[in-house]
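Novice: After the structure tokens below, expect a handful of questions from me.
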Amino acid sequence: MQNSSAQQLSTNQRLNSRKFSMQSSKDSRKMTYDCIVIGGGIVGTSSVYHLTMRGKKTLLLDQFPLPHTRGSSHGASRILRSSYDKPLYSHMTVEAMLLWKKLEQETKTKLFRKTGILVIDKAPYEEFEKSCKSVVECGGQYQEISPEELERRYPGVMSLPVGHRIYMENDAGTLKADKALISLREQIKCFGGLIQDEEKVQHIFPGEIVTVRTNKRTYKTKHLIVTAGAWTSDLLKPLGMNLPLSVERISVCYWKERVPGSSKKLPVFIDYSQDMYGLPCSEYSGLMKVCEHSGVKITHPDKRDATFNQTKDLNFICDYVRENLPGLESKPAIVESCMYTLTPDSDFVIDTLPRYPNIAFGAGFSGHGFKMAPVVGRILGELVFGDKLSYDITSLSAKRFAKYSDSSKL
Ligand SMILES: Cc1cc2nc3c(=O)[nH]c(=O)nc-3n(C[C@H](O)[C@H](O)[C@H](O)COP(=O)(O)OP(=O)(O)OC[C@H]3O[C@@H](n4cnc5c(N)ncnc54)[C@H](O)[C@@H]3O)c2cc1C
């Protein structure tokens with residue numbers, strides 16, 4: 001009985017949503033939206049998904065044709081794990097895992113692949129110990145293994161120096177990033193949300209009703225969420241919010257297995273001793289993804305590829321692969337680019353403009369924001385509509401960077 005009324009509700013919701021979608025595509029210039037979200041990466045798309053599901057008339061804008069590879073959310077895979085040194089993130093990740101499962105069920109698309117994760121560190125094992133503690137706090141389990149045991153389990157594939165500590169956590173794995181974005185967009189369209197790509201927002205005029213001017217049109221909205229990734233400062237600075245964000249170009253490297261299939265059983269790994277991580281073959285057959293968790297600072301995201309000196313930038317990671325992953329060839333077969341938008345403390349910044357609480361923003365995901373996007377997207381919606389927040393995000397507030405803001409505009 002409960003099921004059939006839920007189905008009925010969902011059918012009515014879809015019909016109403018379609019009506020809104022048909023009307024709004026005709027009148028998109030005249031109507032006032034409940035919310036506009038700028039930025040169709042994983043965070044903005046997740047925000048629009050939640051708001052659309054709540055029945056809010058929502059519009060997602062992106063400057064590029066979707067999907068694109070110019071931001072931070074492209075590519076086939078991301079790591080999903082719950083062990084974090086900050087309890088807030090651990091709790092968000094545990095919930096995010098459930099929300100990813102829900103999206104899998106809604107769209108009948110497999111998004112998560114359970115591979116387990118190897119967490120590696122050298123003396124004084126700081127990250128290792130924080131990470132173990134966090135697994136237990138989240139109700140998970142881990143098993144410590146020695147470098148000798150690692151070599152026995154994955155012969156000829158991974159080899160680490162004696163003295164390194166390693167643990168295996170079973171519940172972690174990889175997320176199909178591209179497919180996650182496609183699934184979210186499908187659900188948004190199905191429930192009547194609007195997506196306009198190839199529209200670059202050029203000006204935001206704040207007020208009780210916010211005016212958003214793009215290179216094509218002008219829109220009105222009661223609420224605005226800015227999730228513009230590496231371009232966040234271009235949009236927030238003119239509004240007086242000068243966040244200390246820096247942008248790095250990350251080289252995403254894929255390495256050919258010397259013996260095809262040899263790294264198939266290797267889980268995801270994070271090696272804190274050298275700031276490296278790796279994922280089993282998924283995007284390209286026979287190629288394993290191994291990357292450094294840092295990159296080269298760039299002045300502006302539009303200049304991402306302007307100064308790319310591949311040989312110089314890749315020396316460190318080539319040495320790492322040669323020394324620790326003997327099953328892979330010592331030069332990458334493919335190198336792609338992505339960007340991290342970093343805050344000084346590597347923590348996200350999620351807040352509203354002090355003078356305009358109807359304008360929220362989420363940025364600085366510092367290379368670890370994909371997995372938590374379903375939760376962060378919902379929080380941004382709660383924040384901008386003044387609802388009770390499902391998490392205490394005081395520690396992620398922009399106030400910690402107050403000295404950077406121009407108080408005359410805030
Ligand atoms: C190589 C790499 C590996 C990673 N691995 C992991 C991982 O394993 N696990 C994990 O959790 N996270 C990982 N991350 C981090 C994660 O992918 C990012 O934190 C996340 O994708 C950030 O999403 P975003 O929506 O904030 O930004 P983006 O994806 O960059 O989206 C911002 C969007 O805003 C649009 N935009 C900007 N300005 C305008 C404008 N003026 N008008 C209209 N549109 C505009 C852009 O076109 C872009 O589409 C990784 C990141 C990289 C680069």
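In the structure tokens, chains take the letters A, B, ... in the order shown, each chain's residues start at 1, and ligands count up from 1 in the order shown.
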Write out as a ChimeraX atom specification all residues of stretch 166-256 of chain A that DSSP puts in helix (DSSP H, G or I) for this structure's backbone.

Specialist: /A:177-190,229-239

Novice: Fewer than 2 positions away in the same chain doesn't count, so skip those; otherwise give me all residues within 6 Å of stretch 376-381 of chain A, counting only C-alpha atoms, as a list in words.

Specialist: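 What passes the distance filter is Val43, Ser46, Ser47, His50, Ala373, Pro374, Leu383 and Val384 of chain A.
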
Novice: For each of A:Gly173, A:Pro354, A:Gly364, A:Gly71, take the minimum atom-to-atom distance to A:Pro206, counting only C-alpha atoms, then give the residue where this is smallest.

Specialist: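 Checking each of A:Gly173, A:Pro354, A:Gly364, A:Gly71 against A:Pro206, counting only C-alpha atoms, the winner is A:Pro354.
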
Novice: Could you give me the residues within 6 Å of ligand 1, counting only C-alpha atoms and all ligand atoms, as a PyMOL selection string?

Specialist: chain A and resi 38-44+61-64+71-73+78-80+199-202+227-231+250+252+338-340+363+365-371

Novice: Include C-alpha atoms and write out the residues we just selected as an mmCIF file, in the first residue's frame.

Specialist:
```
data_model
loop_
_atom_site.group_PDB
_atom_site.id
_atom_site.type_symbol
_atom_site.label_atom_id
_atom_site.label_comp_id
_atom_site.auth_asym_id
_atom_site.auth_seq_id
_atom_site.Cartn_x
_atom_site.Cartn_y
_atom_site.Cartn_z
ATOM 1 C CA ILE A 38 26.416 27.744 -11.871
ATOM 2 C CA GLY A 39 28.731 24.844 -12.742
ATOM 3 C CA GLY A 40 27.842 21.420 -14.090
ATOM 4 C CA GLY A 41 30.660 19.447 -12.429
ATOM 5 C CA ILE A 42 29.835 16.771 -9.873
ATOM 6 C CA VAL A 43 29.061 19.219 -7.048
ATOM 7 C CA GLY A 44 26.731 21.520 -9.006
ATOM 8 C CA LEU A 61 24.306 26.399 -16.228
ATOM 9 C CA ASP A 62 27.680 25.355 -17.609
ATOM 10 C CA GLN A 63 30.022 27.302 -19.846
ATOM 11 C CA PHE A 64 31.086 24.247 -21.924
ATOM 12 C CA GLY A 71 37.169 21.003 -15.226
ATOM 13 C CA SER A 72 37.730 18.550 -12.367
ATOM 14 C CA SER A 73 34.935 15.983 -12.659
ATOM 15 C CA ARG A 78 37.342 8.095 -8.694
ATOM 16 C CA ILE A 79 38.252 6.509 -5.369
ATOM 17 C CA LEU A 80 35.435 5.992 -2.856
ATOM 18 C CA GLU A 199 26.322 29.336 -21.429
ATOM 19 C CA LYS A 200 29.057 31.185 -19.615
ATOM 20 C CA VAL A 201 27.910 33.286 -16.675
ATOM 21 C CA GLN A 202 29.443 36.724 -17.063
ATOM 22 C CA THR A 227 29.912 25.585 -7.855
ATOM 23 C CA ALA A 228 32.302 26.758 -10.548
ATOM 24 C CA GLY A 229 35.353 24.668 -9.550
ATOM 25 C CA ALA A 230 38.618 26.283 -10.635
ATOM 26 C CA TRP A 231 36.701 29.327 -11.977
ATOM 27 C CA ILE A 250 47.165 17.298 -12.383
ATOM 28 C CA VAL A 252 46.477 11.792 -14.935
ATOM 29 C CA CYS A 338 42.565 17.505 -14.715
ATOM 30 C CA MET A 339 42.572 20.277 -12.088
ATOM 31 C CA TYR A 340 42.552 20.479 -8.316
ATOM 32 C CA ALA A 363 34.523 25.242 -3.746
ATOM 33 C CA PHE A 365 37.356 20.475 -3.018
ATOM 34 C CA SER A 366 41.127 20.013 -2.970
ATOM 35 C CA GLY A 367 41.313 16.771 -4.923
ATOM 36 C CA HIS A 368 38.931 14.747 -2.743
ATOM 37 C CA GLY A 369 35.434 16.076 -3.367
ATOM 38 C CA PHE A 370 33.924 13.632 -5.845
ATOM 39 C CA LYS A 371 32.975 10.878 -3.437
#
```

Novice: Would you mind listing, for every residue of stretch 270-296 of chain A within 8 Å of stretch 104-124 of chain A, the two atoms forming the shortest contact and the distance between them in Å to one decimal, using only C-alpha atoms, sorted by chain and ascending residue number, as CSV?

Specialist:
```
residue,atom,partner,partner_atom,distance
A:Ile270,CA,A:Val119,CA,5.1
A:Asp271,CA,A:Ile120,CA,4.5
A:Tyr272,CA,A:Asp121,CA,5.1
A:Ser273,CA,A:Asp121,CA,4.7
```

Novice: Now that the selection is made, can you save its residues with N, CA and C atoms as an mmCIF file, in the first residue's frame?

Specialist:
```
data_model
loop_
_atom_site.group_PDB
_atom_site.id
_atom_site.type_symbol
_atom_site.label_atom_id
_atom_site.label_comp_id
_atom_site.auth_asym_id
_atom_site.auth_seq_id
_atom_site.Cartn_x
_atom_site.Cartn_y
_atom_site.Cartn_z
ATOM 1 N N ILE A 270 46.494 3.967 -1.793
ATOM 2 C CA ILE A 270 46.955 5.332 -1.501
ATOM 3 C C ILE A 270 48.253 5.189 -0.736
ATOM 4 N N ASP A 271 49.315 5.797 -1.249
ATOM 5 C CA ASP A 271 50.610 5.714 -0.587
ATOM 6 C C ASP A 271 50.941 7.104 -0.032
ATOM 7 N N TYR A 272 50.674 7.280 1.256
ATOM 8 C CA TYR A 272 50.918 8.593 1.886
ATOM 9 C C TYR A 272 52.403 8.924 1.941
ATOM 10 N N SER A 273 53.264 7.892 1.898
ATOM 11 C CA SER A 273 54.702 8.166 2.038
ATOM 12 C C SER A 273 55.212 9.001 0.867
#
```

Novice: Please report as a Markdown table every residue of stretch 68-183 of chain A lying within 12 Å of stretch 390-396 of chain A, along with the nearest atom pair and their distance in Å (one decimal), using only C-alpha atoms.

Specialist:
```
| residue | atom | partner | partner_atom | distance |
| --- | --- | --- | --- | --- |
| A:Lys86 | CA | A:Ser395 | CA | 10.5 |
| A:Pro87 | CA | A:Asp392 | CA | 11.2 |
| A:Leu88 | CA | A:Tyr391 | CA | 8.0 |
| A:Tyr89 | CA | A:Tyr391 | CA | 10.2 |
| A:Ser90 | CA | A:Tyr391 | CA | 11.9 |
| A:His91 | CA | A:Tyr391 | CA | 9.2 |
| A:Met92 | CA | A:Tyr391 | CA | 8.4 |
| A:Glu95 | CA | A:Ser390 | CA | 11.1 |
```

Novice: Please provide the set of residues having any atom within 6 Å of A:Asn324, restricted to only C-alpha atoms, with same-chain residues fewer than 6 positions apart removed, written as a ChimeraX atom specification.

Specialist: /A:158-160

Novice: Interatomic distance between atom CA of A:Leu235 and atom CA of A:Gly207?

Specialist: 15.4 Å

Novice: Using only C-alpha atoms, determine which residues lie at most 6 Å from A:Lys176, disregarding the query and same-chain residues fewer than 2 positions distant; provide the list as a tab-separated table (two decimals) with N, CA and C atoms, in the first residue's frame.

Specialist:
```tsv
chain	number	residue	atom	x	y	z
A	76	ALA	N	36.81	8.42	-16.07
A	76	ALA	CA	35.93	7.28	-15.80
A	76	ALA	C	35.91	6.86	-14.34
A	77	SER	N	36.92	7.26	-13.54
A	77	SER	CA	36.96	6.67	-12.19
A	77	SER	C	37.42	7.64	-11.10
A	111	LEU	N	27.50	1.94	-10.58
A	111	LEU	CA	28.44	3.06	-10.42
A	111	LEU	C	29.63	2.70	-9.53
A	178	ASP	N	32.24	9.33	-14.84
A	178	ASP	CA	31.47	9.80	-16.00
A	178	ASP	C	30.03	9.32	-15.93
A	179	LYS	N	29.90	8.04	-15.57
A	179	LYS	CA	28.54	7.47	-15.52
A	179	LYS	C	27.72	8.09	-14.39
```

Novice: Which one of A:Val48, A:Val37, A:Val162, A:Leu59 sits closest to A:Leu194 if you count only C-alpha atoms?

Specialist: A:Leu59

Novice: I need the residues of stretch 136-239 of chain A that end up classed as strand (DSSP E) by DSSP on the backbone, written out as a PyMOL selection string.

Specialist: chain A and resi 142-145+165-169+173-176+194-196+201-205+210-214+218-226

Novice: Hey, can you spit out that residue selection with C-alpha atoms as a short mmCIF file (atom, residue, chain, number, x, y, z; two decimals), in the first residue's frame?

Specialist:
```
data_model
loop_
_atom_site.label_atom_id
_atom_site.label_comp_id
_atom_site.auth_asym_id
_atom_site.auth_seq_id
_atom_site.Cartn_x
_atom_site.Cartn_y
_atom_site.Cartn_z
CA TYR A 142 40.98 -3.28 8.26
CA GLN A 143 43.75 -5.82 8.17
CA GLU A 144 47.40 -4.86 8.48
CA ILE A 145 49.79 -6.67 6.12
CA ARG A 165 53.14 -0.12 7.02
CA ILE A 166 50.19 -1.25 4.93
CA TYR A 167 46.58 -2.02 5.70
CA MET A 168 43.77 -3.37 3.58
CA GLU A 169 40.20 -2.04 3.98
CA GLY A 173 36.42 0.85 -4.25
CA THR A 174 36.02 2.93 -7.37
CA LEU A 175 33.19 5.09 -8.64
CA LYS A 176 32.39 5.37 -12.32
CA LEU A 194 16.69 22.35 -16.69
CA ILE A 195 20.26 22.11 -17.94
CA GLN A 196 21.70 24.76 -20.23
CA VAL A 201 27.91 33.29 -16.68
CA GLN A 202 29.44 36.72 -17.06
CA HIS A 203 27.75 38.77 -14.34
CA ILE A 204 25.86 38.12 -11.12
CA PHE A 205 23.72 40.99 -9.79
CA VAL A 210 19.39 37.58 -8.23
CA THR A 211 20.01 38.41 -11.89
CA VAL A 212 22.40 36.10 -13.74
CA ARG A 213 23.69 37.27 -17.09
CA THR A 214 25.31 34.77 -19.45
CA THR A 218 19.62 36.96 -18.60
CA TYR A 219 17.90 34.92 -15.88
CA LYS A 220 16.21 35.75 -12.57
CA THR A 221 16.34 33.54 -9.51
CA LYS A 222 15.41 33.66 -5.83
CA HIS A 223 18.48 31.60 -4.87
CA LEU A 224 21.86 31.03 -6.46
CA ILE A 225 24.52 28.36 -5.89
CA VAL A 226 28.01 28.86 -7.30
#
```
